[in-house]
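Since the structure comes first, as structure tokens, the remarks are kept for the end.
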Amino acid sequence: DTEVTQTPKHLVMGMTNKKSLKCEQHMGHRAMYWYKQKAKKPPELMFVYSYEKLSINESVPSRFSPECPNSSLLNLHLHALQPEDSALYLCASSQEEGARTDNEQFFGPGTRLTVL
Amino acid sequence: AQSVTQPDIHITVSEGASLELRCNYSYGATPYLFWYVQSPGQGLQLLLKYFSGDTLVQGIKGFEAEFKRSQSSFNLRKPSVHWSDAAEYFCAVGARSYGKLTFGQGTILTVHP
């Protein structure tokens with residue numbers, strides 16, 4: 001199983017809502033990632049978890065709160081978002097953190113988020 | 001700091017024609033280079049990767065890329081394009097010790113019948 005799953009596929013939320021994005025992998029990977037991709041732009045790294053601990057936070061606003069409850073699951077909690085946060089949110093996983101011959105990042109299909 | 005430049009925003013080719021997508025990188029150490037493809041509204045699929053060794057790398061779907069250190073380039077090629085290759089292509093550079101992938105701006109490929 002080389003799949004990363006993300007739910008929901010689409011999410012529409014108001015600026016006062018609280019919602020969560022979910023990402024799951026069953027490949028035994030110990031590193032998981034959140035990327036944000038605005039329309040017609042490349043993905044930009046938000047967070048990296050390694051062995052369930054936060055390894056990288058790319059200066060992401062606190063209205064985005066990541067959580068890694070176990071090695072297979074990664075959540076992104078959303079609160080008080082702005083319309084400019086509307087984007088495709090991609091989750092990825094890899095065996096370990098860092099680039100190595102056998103350590104590619106596998107991406108999920110993403111969650112399309114719209115903030116009204 | 002690592003960075004990637006893809007000079008071509010949009011390329012159009014005819015089906016059956018050859019393809020070359022350009023990628024230039026900036027990285028202080030040995031680069032780890034990747035090409036990903038993304039269909040509209042979808043996630044990214046890895047086409048190929050370069051870590052070391054042979055500078056000509058073979059990937060999936062008939063793609064290959066050549067690493068040229070002297071030119072800081074990692075161009076993607078395909079000898080004969082199929083209509084199903086229409087998508088956006090991203091070149092990326094990765095760091096050895098931490099998980100950040102830095103992507104180029106992407107090249108949109110349109111294939112004419």
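So you can find residues: chains in the structure tokens are A, B, ... in the order shown, residues in each start at 1, and ligands are numbered from 1 in order.
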Test item: chain B residues at most 12 Å from chain A, counting only C-alpha atoms, as number ranges by chain: B: 4-6, 9-10, 30-53, 88-108
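For the residues A:Ser65, A:Gln82, A:Thr5, A:Thr114, ranking by smallest atom-to-atom distance to Ser20 (chain A) using only C-alpha atoms places A:Ser65 first.
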Residues flagged strand (DSSP E) by DSSP in chain B, as a ChimeraX atom specification: /B:3-5,10-14,19-21,24-26,32-38,44-50,56-58,64-68,73-78,87-94,101-103,107-112
Any chance you can output those residues with C-alpha atoms as a PDB file, in the first residue's frame?
```pdb
ATOM      1  CA  SER B   3      16.048  27.413  -4.805  1.00  0.00           C
ATOM      2  CA  VAL B   4      14.754  26.100  -8.099  1.00  0.00           C
ATOM      3  CA  THR B   5      13.986  27.949 -11.320  1.00  0.00           C
ATOM      4  CA  HIS B  10       3.834  27.031 -20.259  1.00  0.00           C
ATOM      5  CA  ILE B  11       4.950  24.694 -23.058  1.00  0.00           C
ATOM      6  CA  THR B  12       2.829  23.371 -25.904  1.00  0.00           C
ATOM      7  CA  VAL B  13       3.865  20.365 -27.969  1.00  0.00           C
ATOM      8  CA  SER B  14       2.181  18.121 -30.499  1.00  0.00           C
ATOM      9  CA  LEU B  19       9.794  17.228 -24.898  1.00  0.00           C
ATOM     10  CA  GLU B  20      12.362  18.958 -22.735  1.00  0.00           C
ATOM     11  CA  LEU B  21      11.420  20.850 -19.563  1.00  0.00           C
ATOM     12  CA  ASN B  24      17.969  25.090 -12.769  1.00  0.00           C
ATOM     13  CA  TYR B  25      18.779  24.783  -9.085  1.00  0.00           C
ATOM     14  CA  SER B  26      20.796  26.580  -6.469  1.00  0.00           C
ATOM     15  CA  TYR B  32      18.961  15.937  -4.258  1.00  0.00           C
ATOM     16  CA  LEU B  33      16.705  16.612  -7.221  1.00  0.00           C
ATOM     17  CA  PHE B  34      13.225  15.497  -8.114  1.00  0.00           C
ATOM     18  CA  TRP B  35      10.631  15.875 -10.835  1.00  0.00           C
ATOM     19  CA  TYR B  36       6.965  15.623  -9.868  1.00  0.00           C
ATOM     20  CA  VAL B  37       3.855  15.751 -12.055  1.00  0.00           C
ATOM     21  CA  GLN B  38       0.476  17.114 -10.960  1.00  0.00           C
ATOM     22  CA  LEU B  44       1.906  15.150  -6.842  1.00  0.00           C
ATOM     23  CA  GLN B  45       3.373  12.009  -8.347  1.00  0.00           C
ATOM     24  CA  LEU B  46       7.116  11.432  -8.386  1.00  0.00           C
ATOM     25  CA  LEU B  47       8.489  10.907 -11.897  1.00  0.00           C
ATOM     26  CA  LEU B  48      12.150  10.470 -11.029  1.00  0.00           C
ATOM     27  CA  LYS B  49      14.876  11.495  -8.610  1.00  0.00           C
ATOM     28  CA  TYR B  50      18.617  12.084  -8.564  1.00  0.00           C
ATOM     29  CA  LEU B  56      21.120  10.246 -16.554  1.00  0.00           C
ATOM     30  CA  VAL B  57      18.135   9.125 -14.523  1.00  0.00           C
ATOM     31  CA  GLN B  58      15.261   7.035 -15.819  1.00  0.00           C
ATOM     32  CA  GLU B  64      14.308  10.738 -18.102  1.00  0.00           C
ATOM     33  CA  ALA B  65      16.357  13.588 -16.684  1.00  0.00           C
ATOM     34  CA  GLU B  66      20.003  14.546 -16.897  1.00  0.00           C
ATOM     35  CA  PHE B  67      21.907  16.121 -14.020  1.00  0.00           C
ATOM     36  CA  LYS B  68      24.567  18.597 -15.180  1.00  0.00           C
ATOM     37  CA  SER B  73      20.543  21.929 -14.344  1.00  0.00           C
ATOM     38  CA  PHE B  74      18.276  18.915 -14.151  1.00  0.00           C
ATOM     39  CA  ASN B  75      16.211  18.951 -17.332  1.00  0.00           C
ATOM     40  CA  LEU B  76      13.362  16.510 -17.906  1.00  0.00           C
ATOM     41  CA  ARG B  77      12.974  14.810 -21.283  1.00  0.00           C
ATOM     42  CA  LYS B  78      10.633  12.482 -23.084  1.00  0.00           C
ATOM     43  CA  ALA B  87      -0.243  18.259 -16.672  1.00  0.00           C
ATOM     44  CA  GLU B  88       1.899  20.559 -14.564  1.00  0.00           C
ATOM     45  CA  TYR B  89       5.475  19.552 -13.888  1.00  0.00           C
ATOM     46  CA  PHE B  90       7.470  20.607 -10.853  1.00  0.00           C
ATOM     47  CA  CYS B  91      11.188  20.355 -10.308  1.00  0.00           C
ATOM     48  CA  ALA B  92      12.266  20.246  -6.658  1.00  0.00           C
ATOM     49  CA  VAL B  93      15.445  20.207  -4.599  1.00  0.00           C
ATOM     50  CA  GLY B  94      15.672  18.475  -1.236  1.00  0.00           C
ATOM     51  CA  LEU B 101      11.449  20.146  -0.524  1.00  0.00           C
ATOM     52  CA  THR B 102      11.717  23.425  -2.418  1.00  0.00           C
ATOM     53  CA  PHE B 103       9.744  23.470  -5.635  1.00  0.00           C
ATOM     54  CA  THR B 107       5.698  24.240 -16.086  1.00  0.00           C
ATOM     55  CA  ILE B 108       2.274  23.600 -17.560  1.00  0.00           C
ATOM     56  CA  LEU B 109       2.413  21.177 -20.472  1.00  0.00           C
ATOM     57  CA  THR B 110      -0.296  21.272 -23.128  1.00  0.00           C
ATOM     58  CA  VAL B 111      -0.354  18.514 -25.736  1.00  0.00           C
ATOM     59  CA  HIS B 112      -2.020  19.110 -29.100  1.00  0.00           C
TER      60      HIS B 112
END
```
Coordinates-based distance that separates CA of Cys23 (chain B) from CA of Pro113 (chain B) (Å, one decimal):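 Computing the Euclidean distance for CA of Pro113 (chain B) and CA of Cys23 (chain B) yields 25.9 Å.
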Non-local contacts of His79 (chain A) (9 Å; only C-alpha atoms; under 5 positions in same chain excluded) as an mmCIF file with C-alpha atoms, in the first residue's frame:
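The result, stored in result-v2.cif:
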```cif
data_model
loop_
_atom_site.group_PDB
_atom_site.id
_atom_site.type_symbol
_atom_site.label_atom_id
_atom_site.label_comp_id
_atom_site.auth_asym_id
_atom_site.auth_seq_id
_atom_site.Cartn_x
_atom_site.Cartn_y
_atom_site.Cartn_z
ATOM 1 C CA MET A 15 -13.798 32.670 9.218
ATOM 2 C CA THR A 16 -15.170 31.840 12.670
ATOM 3 C CA ASN A 17 -15.343 28.084 12.176
ATOM 4 C CA LYS A 18 -13.057 25.423 13.561
ATOM 5 C CA LYS A 19 -12.332 22.483 11.304
ATOM 6 C CA SER A 20 -9.699 19.797 10.880
ATOM 7 C CA SER A 62 -0.975 29.970 14.778
ATOM 8 C CA ARG A 63 -4.434 29.678 13.239
ATOM 9 C CA PHE A 64 -2.988 26.479 11.715
ATOM 10 C CA SER A 65 -2.277 23.881 14.388
#
```
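Taking CA of Gln6 (chain A) as the reference point, CA of Leu78 (chain A) is found at 15.1 Å.
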Nearby residues (only C-alpha atoms) at most 8 Å from Cys68 (chain A), same-chain spacing under 2 positions excluded, as number ranges by chain: A: 49, 52-53, 66, 70-71, 73-75
